[in-house]
>>> print(open('target31.csv').read())   # CSV, C-alpha atoms
chain,number,residue,atom,x,y,z
A,240,MET,CA,-15.3,-10.8,30.4
A,241,PRO,CA,-12.2,-10.6,28.1
A,242,THR,CA,-12.8,-11.2,24.4
A,243,LYS,CA,-11.5,-14.6,23.3
A,244,PHE,CA,-9.1,-14.7,20.4
A,245,ASP,CA,-7.3,-17.3,18.4
A,246,GLN,CA,-4.2,-15.4,17.3
A,247,GLU,CA,-2.3,-12.4,18.5
A,248,LEU,CA,-0.4,-9.9,16.4
A,249,ASP,CA,1.7,-7.1,17.9
A,250,CYS,CA,2.2,-4.1,15.6
A,251,SER,CA,3.5,-1.8,18.3
A,252,GLY,CA,5.9,0.7,16.9
A,253,LEU,CA,5.1,0.0,13.2
A,254,ALA,CA,4.3,2.9,10.9
A,255,CYS,CA,1.4,3.2,8.5
A,256,PRO,CA,0.6,1.1,6.5
A,257,MET,CA,2.4,-1.9,8.1
A,258,PRO,CA,-0.2,-2.6,10.8
A,259,ILE,CA,-2.9,-3.1,8.1
A,260,LEU,CA,-0.6,-5.1,5.9
A,261,LYS,CA,0.4,-7.4,8.7
A,262,THR,CA,-3.2,-7.7,9.9
A,263,LYS,CA,-4.3,-8.8,6.5
A,264,LYS,CA,-1.6,-11.5,6.4
A,265,ALA,CA,-2.6,-12.7,9.8
A,266,ILE,CA,-6.3,-12.7,9.1
A,267,ASP,CA,-5.7,-14.6,5.8
A,268,ALA,CA,-4.0,-17.3,7.9
A,269,LEU,CA,-7.0,-17.8,10.1
A,270,GLN,CA,-10.1,-19.9,9.5
A,271,THR,CA,-13.5,-18.3,9.0
A,272,GLY,CA,-15.0,-17.2,12.4
A,273,GLN,CA,-11.6,-17.1,14.2
A,274,VAL,CA,-10.6,-14.0,16.0
A,275,LEU,CA,-7.3,-12.0,15.7
A,276,LYS,CA,-6.2,-9.7,18.5
A,277,MET,CA,-4.1,-6.9,17.0
A,278,VAL,CA,-2.2,-4.4,19.1
A,279,ALA,CA,-0.9,-1.1,17.5
A,280,THR,CA,0.5,2.2,18.6
A,281,ASP,CA,0.0,4.2,15.4
A,282,PRO,CA,-2.5,7.0,16.3
A,283,GLY,CA,-4.4,6.5,13.0
A,284,SER,CA,-5.0,2.8,13.8
A,285,LEU,CA,-8.7,3.0,14.8
A,286,PRO,CA,-10.0,4.7,11.7
A,287,ASP,CA,-7.7,2.6,9.6
A,288,VAL,CA,-8.9,-0.7,11.0
A,289,GLN,CA,-12.5,0.5,10.7
A,290,ALA,CA,-12.0,1.4,7.0
A,291,TRP,CA,-10.2,-1.8,6.3
A,292,THR,CA,-12.8,-4.0,7.9
A,293,SER,CA,-15.6,-2.1,6.1
A,294,LYS,CA,-13.8,-2.8,2.8
A,295,THR,CA,-12.9,-6.4,3.4
A,296,GLY,CA,-15.9,-7.6,5.3
A,297,HIS,CA,-14.0,-8.9,8.3
A,298,GLU,CA,-15.7,-7.9,11.6
A,299,LEU,CA,-14.3,-5.5,14.1
A,300,LEU,CA,-15.7,-7.1,17.3
A,301,GLU,CA,-14.2,-4.8,19.8
A,302,HIS,CA,-11.6,-2.2,20.3
A,303,GLU,CA,-10.0,-0.6,23.3
A,304,LYS,CA,-7.2,1.8,24.3
A,305,ASP,CA,-4.7,0.9,26.9
A,306,GLY,CA,-2.2,3.8,27.4
A,307,ASP,CA,-0.6,4.3,24.0
A,308,LYS,CA,-1.8,1.0,22.7
A,309,PHE,CA,-4.8,0.4,20.5
A,310,ILE,CA,-6.2,-3.1,20.8
A,311,PHE,CA,-8.5,-4.7,18.2
A,312,TYR,CA,-10.4,-7.9,18.0
A,313,ILE,CA,-11.2,-8.8,14.4
A,314,LYS,CA,-13.2,-11.8,13.3
A,315,ARG,CA,-12.3,-13.4,10.0
A,316,LYS,CA,-15.3,-13.4,7.5
B,185,MET,CA,-18.7,-4.7,3.3
B,186,SER,CA,-18.5,-2.1,0.6
B,187,ASP,CA,-18.9,-3.4,-3.0
B,188,ASP,CA,-17.8,-0.2,-4.7
B,189,ASN,CA,-14.2,-1.2,-5.1
B,190,GLY,CA,-13.4,0.9,-8.1
B,191,LYS,CA,-9.8,0.9,-9.3
B,192,ILE,CA,-7.5,3.7,-8.2
B,193,VAL,CA,-4.6,5.0,-10.2
B,194,LEU,CA,-1.7,6.7,-8.3
B,195,MET,CA,0.6,8.9,-10.4
B,196,CYS,CA,4.0,9.3,-8.9
B,197,THR,CA,5.7,12.4,-10.4
B,198,HIS,CA,8.5,12.9,-7.9
B,199,GLY,CA,11.7,10.8,-7.5
B,200,PRO,CA,14.3,10.5,-4.7
B,201,GLU,CA,14.5,14.3,-4.5
B,202,ASP,CA,11.2,14.2,-2.6
B,203,PRO,CA,11.1,11.1,-0.4
B,204,GLU,CA,7.6,11.8,1.0
B,205,ARG,CA,5.9,12.3,-2.3
B,206,ALA,CA,7.8,9.2,-3.6
B,207,THR,CA,6.7,7.0,-0.7
B,208,ILE,CA,3.1,8.0,-0.1
B,209,PRO,CA,1.8,6.5,-3.3
B,210,PHE,CA,3.1,3.1,-2.2
B,211,VAL,CA,1.7,3.6,1.3
B,212,ILE,CA,-1.8,4.0,-0.3
B,213,ALA,CA,-1.2,1.3,-2.9
B,214,THR,CA,-0.3,-1.4,-0.4
B,215,ALA,CA,-3.1,-0.5,1.9
B,216,ALA,CA,-5.5,-0.7,-1.1
B,217,GLN,CA,-4.2,-4.1,-2.0
B,218,ALA,CA,-4.7,-5.2,1.5
B,219,SER,CA,-8.3,-3.9,1.3
B,220,ASP,CA,-9.0,-5.7,-2.0
B,221,ILE,CA,-9.2,-2.4,-3.9
B,222,PRO,CA,-7.7,-2.6,-7.4
B,223,VAL,CA,-4.7,-0.2,-7.8
B,224,LEU,CA,-2.2,0.8,-10.3
B,225,ILE,CA,0.9,3.0,-9.9
B,226,GLY,CA,2.2,5.1,-12.8
B,227,PHE,CA,5.6,6.9,-12.9
B,228,GLN,CA,5.8,10.2,-14.8
B,229,VAL,CA,8.2,13.2,-14.8
B,230,ASN,CA,11.0,12.5,-12.3
B,231,GLY,CA,9.0,9.7,-10.7
B,232,VAL,CA,10.5,7.4,-13.4
B,233,MET,CA,13.8,7.5,-11.5
B,234,LEU,CA,12.2,5.3,-8.8
B,235,ALA,CA,12.0,2.5,-11.3
B,236,ARG,CA,15.8,2.4,-11.6
B,237,LYS,CA,17.6,-0.4,-9.9
B,238,GLY,CA,19.3,0.7,-6.7
B,239,CYS,CA,17.2,3.9,-6.4
B,240,PRO,CA,14.3,2.9,-4.0
B,241,GLU,CA,16.9,1.6,-1.5
B,242,HIS,CA,18.0,5.1,-0.8
B,243,VAL,CA,14.6,6.7,-0.4
B,244,PHE,CA,13.5,7.2,3.2
B,245,ALA,CA,10.6,9.5,4.3
B,246,ALA,CA,10.3,10.3,8.0
B,247,GLY,CA,7.3,8.5,9.6
B,248,PHE,CA,6.9,5.9,6.9
B,249,PRO,CA,8.5,2.5,6.2
B,250,PRO,CA,11.4,2.5,3.7
B,251,LEU,CA,10.3,2.9,0.1
B,252,LYS,CA,12.0,-0.3,-1.0
B,253,GLU,CA,10.1,-2.3,1.6
B,254,LEU,CA,6.8,-0.9,0.3
B,255,MET,CA,7.7,-1.4,-3.3
B,256,ASP,CA,8.6,-5.0,-2.7
B,257,ILE,CA,5.3,-5.6,-1.0
B,258,TYR,CA,3.4,-3.9,-3.8
B,259,ILE,CA,5.1,-5.9,-6.5
B,260,GLU,CA,4.9,-9.2,-4.6
B,261,SER,CA,1.2,-8.6,-4.2
B,262,GLY,CA,0.8,-8.4,-8.0
B,263,GLY,CA,1.0,-4.6,-8.3
B,264,GLU,CA,2.0,-3.2,-11.7
B,265,LEU,CA,4.3,-0.3,-12.3
B,266,PHE,CA,3.7,1.7,-15.5
B,267,VAL,CA,6.5,4.0,-16.5
B,268,CYS,CA,6.1,6.9,-18.9
B,269,GLY,CA,8.2,6.2,-22.1
B,270,PRO,CA,9.0,9.8,-23.1
B,271,CYS,CA,10.0,10.6,-19.5
B,272,VAL,CA,12.4,7.7,-19.6
B,273,GLN,CA,13.9,8.6,-22.9
B,274,SER,CA,14.5,12.2,-22.0
B,275,ARG,CA,16.5,11.0,-19.0
B,276,LYS,CA,18.5,8.6,-21.1
B,277,ILE,CA,17.6,5.7,-18.9
B,278,ASN,CA,18.6,2.3,-20.3
B,279,ILE,CA,15.4,0.3,-19.8
B,280,GLU,CA,16.9,-3.1,-20.3
B,281,GLU,CA,19.8,-2.7,-17.9
B,282,GLU,CA,18.6,-0.1,-15.4
B,283,PHE,CA,14.9,-0.9,-14.7
B,284,ILE,CA,13.7,-3.0,-11.7
B,285,GLU,CA,11.9,-6.1,-12.6
B,286,GLY,CA,8.2,-5.5,-13.2
B,287,ALA,CA,8.4,-2.0,-14.4
B,288,LYS,CA,6.7,-1.6,-17.7
B,289,VAL,CA,7.3,1.3,-20.1
B,290,VAL,CA,4.0,2.6,-21.6
B,291,ASN,CA,3.0,5.6,-23.5
B,292,ALA,CA,0.1,8.1,-23.5
B,293,ALA,CA,-2.7,5.9,-24.8
B,294,THR,CA,-2.1,3.4,-22.1
B,295,PHE,CA,-2.2,6.0,-19.4
B,296,ALA,CA,-5.3,7.5,-21.0
B,297,LYS,CA,-7.0,4.1,-20.9
B,298,GLU,CA,-6.1,3.4,-17.3
B,299,ILE,CA,-7.1,6.9,-16.2
B,300,SER,CA,-10.4,6.8,-18.0
B,301,GLU,CA,-11.3,3.4,-16.5
B,302,ALA,CA,-10.2,4.3,-12.9
B,303,ALA,CA,-12.7,5.4,-10.3
B,304,ASN,CA,-10.2,7.8,-8.9
B,305,VAL,CA,-6.8,9.2,-10.0
B,306,LEU,CA,-4.4,10.8,-7.6
B,307,VAL,CA,-1.3,12.7,-8.7
B,308,TYR,CA,1.6,13.0,-6.2
>>> encode(input="target31.csv", output="structure tokens")
Amino acid sequence: MPTKFDQELDCSGLACPMPILKTKKAIDALQTGQVLKMVATDPGSLPDVQAWTSKTGHELLEHEKDGDKFIFYIKRK
Amino acid sequence: MSDDNGKIVLMCTHGPEDPERATIPFVIATAAQASDIPVLIGFQVNGVMLARKGCPEHVFAAGFPPLKELMDIYIESGGELFVCGPCVQSRKINIEEEFIEGAKVVNAATFAKEISEAANVLVY
């Protein structure tokens, strides 16, 4: 069953650190408990999102890879 | 969530002659800001040239966003730019007329204080 999300952010083609900066902005605009779906193509995206969520306290619910795309579901703390 | 968010100080010692070294401190700094990690950027040696109006617009490192875009995000997010006074003087830079808004000229004691209080200092 696909993960439900409240907002989607496409960071495809963006270079580091822009996916994280845009993710922060998008998460800040959500309510507590809401989920952001973020798509990135930067190969360092997975460790970066994991590091970022561990520092900020937001929860990485799920991540998957679809071709060259990394897809993340992040729940706002 | 980690609670050991000690401040990091990033010393930028290269100017437009080395776009990658000039840009990476701002890559790290903006990611730190987005991660709620306190951060400060200091310019020393030829890094002070990056604080001149019109300079960041011409710095592009392959694989990274333009320096100007990152600097704008850093400053808009409340980031401070400390610029080495003697390095500025030796390059005959007119602080009042040539510096970008937000750049602050400081001397050795200020850098020593910031470095001593930082959890980590990286020199680029």
>>> interface_residues(input="target31.csv", of="chain B", to="chain A", cutoff="10 Å", atoms="all atoms listed in the file", output="ChimeraX atom specification")
/B:185-189,208,210-221,246-249,254,257
>>> residues_around(input="target31.csv", residues="Leu300 (chain A)", least_positions_apart="6", cutoff="9 Å", atoms="only C-alpha atoms", output="list of chain:residue names")
A:Thr242, A:Val274, A:Phe311, A:Tyr312, A:Ile313, A:Lys314
>>> residues_around(input="target31.csv", residues="region 271-286 of chain B", least_positions_apart="6", cutoff="12 Å", atoms="only C-alpha atoms", output="PyMOL selection string")
chain B and resi 197-198+225-241+252+255-256+258-265+292
>>> atom_distance(input="target31.csv", atom1="CA of Cys250 (chain A)", atom2="CA of Thr280 (chain A)")
7.2 Å
>>> atom_distance(input="target31.csv", atom1="CA of Gly190 (chain B)", atom2="CA of Ala303 (chain B)")
5.1 Å
